[in-house]
Amino acid sequence: IINFYGINAEKIDVVYQSCNPIFYNLQTQEEIEKTIKEYNLPDKYFLFVGSVEERKNLKVIIEAYQFLPENLKLPLVIVGKPREKNNILDLIKTNQLENLVIWKSNLKNNLHLQAFYQRAEVLIYPSLFEGFGLPIVEGLLSKTPVISSNVSSLPEAGGPNTIYINPKNPKEMALAIEKVITNEKLKQSMVEKGYQYAIDNFSAEVVTKKMIEVYKKTINS
């Protein structure tokens with residue numbers, strides 16, 4: 001707004017969006033297990049949530065597998081509508097990952113999605129550009145460590161305890177994945193601090209309060 005419209009920064013207030021209310025209440029392990037069995041998911045997996053298109057940059061995850069040690073090549077669960085699935089399928093085949101990629105594009109409800117998040121070893125969201133990055137917040141609220149891109153609005157969505165990488169560098173992505181899943185202390189810190197960041201910045205109460213402040217400021221100006 002400042003760069004393209006020349007608006008004075010003092011006239012701009014940023015109010016983030018909130019999230020689906022269900023994500024503010026964690027599911028029990030029993031509830032999670034029921035969903036995992038229903039969708040026949042593995043015990044451990046990486047998670048990608050988002051439409052399969054160039055901007056979402058799923059390919060950098062696929063390319064990162066070649067840099068991962070064999071024992072860290074967990075299955076990748078992809079939740080999203082495949083707008084450009086054919087190109088990704090070719091890349092998966094080229095990298096011989098057919099047996100490690102699991103497509104789940106028709107979840108029945110958001111509770112099932114929440115269970116996917118809560119069980120995942122890490123949420124990977126390497127977009128090239130985003131207006132916000134809501135799946136990152138959903139992941140943080142699900143107490144899942146997050147790896148994302150160091151571009152656009154994503155660092156604001158993920159906060160200081162998300163790991164950020166160059167979204168065009170698959171080797172950097174692989175190193176970030178390895179760092180998270182081999183360092184339990186780091187992982188727990190990301191989970192707890194990331195969850196608190198999401199509560200502090202994206203809860204309905206916080207968003208509502210900030211929105212009211214904007215209205216009052218506008219009325220009184």
# chains A, B, ... in the order shown; residues from 1 in each chain; ligands from 1
>>> residues_around(residues="Leu41 (chain A)", least_positions_apart="4", cutoff="10 Å", atoms="only C-alpha atoms", output="list in words")
Glu33, Thr35, Ile36, Lys37, Tyr45, Pro75, Val77, Ile102, Lys104, Phe116 and Arg119 of chain A
>>> residues_around(residues="region 163-169 of chain A", least_positions_apart="4", cutoff="12 Å", atoms="only C-alpha atoms", output="PyMOL selection string")
chain A and resi 54-64+67+122-129+136+145-159+173-180+186-187+189-191+194
>>> residues_around(residues="Ile1 (chain A)", least_positions_apart="2", cutoff="12 Å", atoms="only C-alpha atoms", output="list in words")
Asn3, Phe4, Tyr5, Gly6, Ile7, Asn8, Ala9, Glu10, Lys11, Ile12, Asp13 and Val14 of chain A
>>> select_by_dssp(residues="region 21-184 of chain A", states="alpha helix (DSSP H)", output="VMD selection string")
chain A and resid 29 to 38 59 to 64 85 to 94 110 to 119 134 to 141 154 to 158 170 to 182 184
>>> residues_around(residues="Gln17 (chain A)", least_positions_apart="3", cutoff="9 Å", atoms="only C-alpha atoms", output="mmCIF file with all heavy atoms, in the first residue's frame")
data_model
loop_
_atom_site.group_PDB
_atom_site.id
_atom_site.type_symbol
_atom_site.label_atom_id
_atom_site.label_comp_id
_atom_site.auth_asym_id
_atom_site.auth_seq_id
_atom_site.Cartn_x
_atom_site.Cartn_y
_atom_site.Cartn_z
ATOM 1 N N PHE A 132 -1.318 -14.303 2.982
ATOM 2 C CA PHE A 132 -1.175 -14.477 4.425
ATOM 3 C C PHE A 132 -0.461 -15.794 4.742
ATOM 4 O O PHE A 132 0.678 -15.806 5.180
ATOM 5 C CB PHE A 132 -2.536 -14.420 5.118
ATOM 6 C CG PHE A 132 -2.457 -14.590 6.611
ATOM 7 C CD1 PHE A 132 -1.673 -13.746 7.387
ATOM 8 C CD2 PHE A 132 -3.171 -15.599 7.242
ATOM 9 C CE1 PHE A 132 -1.588 -13.901 8.761
ATOM 10 C CE2 PHE A 132 -3.102 -15.755 8.627
ATOM 11 C CZ PHE A 132 -2.309 -14.910 9.380
ATOM 12 N N LEU A 134 -2.565 -19.051 5.847
ATOM 13 C CA LEU A 134 -3.400 -19.588 6.918
ATOM 14 C C LEU A 134 -2.999 -20.997 7.374
ATOM 15 O O LEU A 134 -3.056 -21.281 8.575
ATOM 16 C CB LEU A 134 -4.869 -19.566 6.501
ATOM 17 C CG LEU A 134 -5.889 -19.888 7.585
ATOM 18 C CD1 LEU A 134 -5.762 -18.911 8.748
ATOM 19 C CD2 LEU A 134 -7.297 -19.853 7.016
ATOM 20 N N PHE A 202 -3.439 -14.470 16.726
ATOM 21 C CA PHE A 202 -4.494 -14.831 15.785
ATOM 22 C C PHE A 202 -5.773 -15.351 16.445
ATOM 23 O O PHE A 202 -6.643 -15.871 15.753
ATOM 24 C CB PHE A 202 -3.974 -15.869 14.789
ATOM 25 C CG PHE A 202 -2.677 -15.474 14.133
ATOM 26 C CD1 PHE A 202 -1.532 -16.241 14.306
ATOM 27 C CD2 PHE A 202 -2.585 -14.323 13.372
ATOM 28 C CE1 PHE A 202 -0.324 -15.874 13.710
ATOM 29 C CE2 PHE A 202 -1.385 -13.943 12.780
ATOM 30 C CZ PHE A 202 -0.255 -14.723 12.951
ATOM 31 N N SER A 203 -5.878 -15.223 17.752
ATOM 32 C CA SER A 203 -7.127 -15.641 18.388
ATOM 33 C C SER A 203 -8.223 -14.640 18.036
ATOM 34 O O SER A 203 -7.960 -13.475 17.724
ATOM 35 C CB SER A 203 -6.959 -15.708 19.908
ATOM 36 O OG SER A 203 -6.753 -14.423 20.446
ATOM 37 N N ALA A 204 -9.473 -15.088 18.088
ATOM 38 C CA ALA A 204 -10.605 -14.218 17.736
ATOM 39 C C ALA A 204 -10.660 -12.997 18.643
ATOM 40 O O ALA A 204 -10.987 -11.893 18.196
ATOM 41 C CB ALA A 204 -11.905 -15.013 17.828
ATOM 42 N N VAL A 207 -7.922 -10.452 17.491
ATOM 43 C CA VAL A 207 -8.283 -9.845 16.208
ATOM 44 C C VAL A 207 -9.443 -8.873 16.377
ATOM 45 O O VAL A 207 -9.440 -7.761 15.829
ATOM 46 C CB VAL A 207 -8.640 -10.940 15.180
ATOM 47 C CG1 VAL A 207 -9.201 -10.313 13.904
ATOM 48 C CG2 VAL A 207 -7.419 -11.790 14.859
#
>>> select_by_dssp(residues="region 102-180 of chain A", states="strand (DSSP E)", output="VMD selection string")
chain A and resid 102 to 103 122 to 125 146 to 149 163 to 165
>>> write_last_selection(atoms="C-alpha atoms", output="PDB file, in the first residue's frame")
ATOM      1  CA  ILE A 102       0.301 -39.817  -0.395  1.00  0.00           C
ATOM      2  CA  TRP A 103      -2.493 -37.722  -1.926  1.00  0.00           C
ATOM      3  CA  VAL A 122       6.375 -31.205  10.476  1.00  0.00           C
ATOM      4  CA  LEU A 123       4.190 -28.960   8.304  1.00  0.00           C
ATOM      5  CA  ILE A 124       6.080 -27.773   5.220  1.00  0.00           C
ATOM      6  CA  TYR A 125       4.664 -24.669   3.526  1.00  0.00           C
ATOM      7  CA  VAL A 146       6.525 -25.515  10.746  1.00  0.00           C
ATOM      8  CA  ILE A 147       9.031 -24.963   7.941  1.00  0.00           C
ATOM      9  CA  SER A 148       8.162 -22.168   5.530  1.00  0.00           C
ATOM     10  CA  SER A 149       9.604 -19.614   3.106  1.00  0.00           C
ATOM     11  CA  ILE A 163      12.138 -22.232  10.419  1.00  0.00           C
ATOM     12  CA  TYR A 164      12.404 -20.237   7.186  1.00  0.00           C
ATOM     13  CA  ILE A 165      14.272 -21.235   4.051  1.00  0.00           C
TER      14      ILE A 165
END
>>> residues_around(residues="region 195-197 of chain A", least_positions_apart="5", cutoff="8 Å", atoms="only C-alpha atoms", output="ChimeraX atom specification")
/A:140-143,159
>>> write_last_selection(atoms="N, CA and C atoms", output="PDB file, in the first residue's frame")
ATOM      1  N   LEU A 140       0.525 -24.238  13.574  1.00  0.00           N
ATOM      2  CA  LEU A 140       1.010 -23.782  14.875  1.00  0.00           C
ATOM      3  C   LEU A 140      -0.012 -24.059  15.974  1.00  0.00           C
ATOM      4  N   LEU A 141      -1.284 -23.810  15.688  1.00  0.00           N
ATOM      5  CA  LEU A 141      -2.340 -24.065  16.663  1.00  0.00           C
ATOM      6  C   LEU A 141      -2.534 -25.558  16.927  1.00  0.00           C
ATOM      7  N   SER A 142      -2.079 -26.387  16.000  1.00  0.00           N
ATOM      8  CA  SER A 142      -2.144 -27.841  16.162  1.00  0.00           C
ATOM      9  C   SER A 142      -0.905 -28.398  16.839  1.00  0.00           C
ATOM     10  N   LYS A 143      -0.033 -27.491  17.299  1.00  0.00           N
ATOM     11  CA  LYS A 143       1.223 -27.859  17.962  1.00  0.00           C
ATOM     12  C   LYS A 143       2.098 -28.728  17.061  1.00  0.00           C
ATOM     13  N   GLY A 159       5.814 -16.424  12.674  1.00  0.00           N
ATOM     14  CA  GLY A 159       6.462 -15.930  13.875  1.00  0.00           C
ATOM     15  C   GLY A 159       7.913 -16.371  14.018  1.00  0.00           C
TER      16      GLY A 159
END
>>> atom_distance(atom1="CA of Gly50 (chain A)", atom2="CA of Gly80 (chain A)")
4.7 Å
>>> atom_distance(atom1="CA of Ala198 (chain A)", atom2="CA of Val137 (chain A)")
6.2 Å
>>> closest_residue(among="A:Asn201, A:Thr208, A:Gln114, A:Asn87", to="Glu31 (chain A)", atoms="only C-alpha atoms")
A:Gln114
>>> atom_distance(atom1="CA of Ile22 (chain A)", atom2="CA of Glu205 (chain A)")
14.6 Å
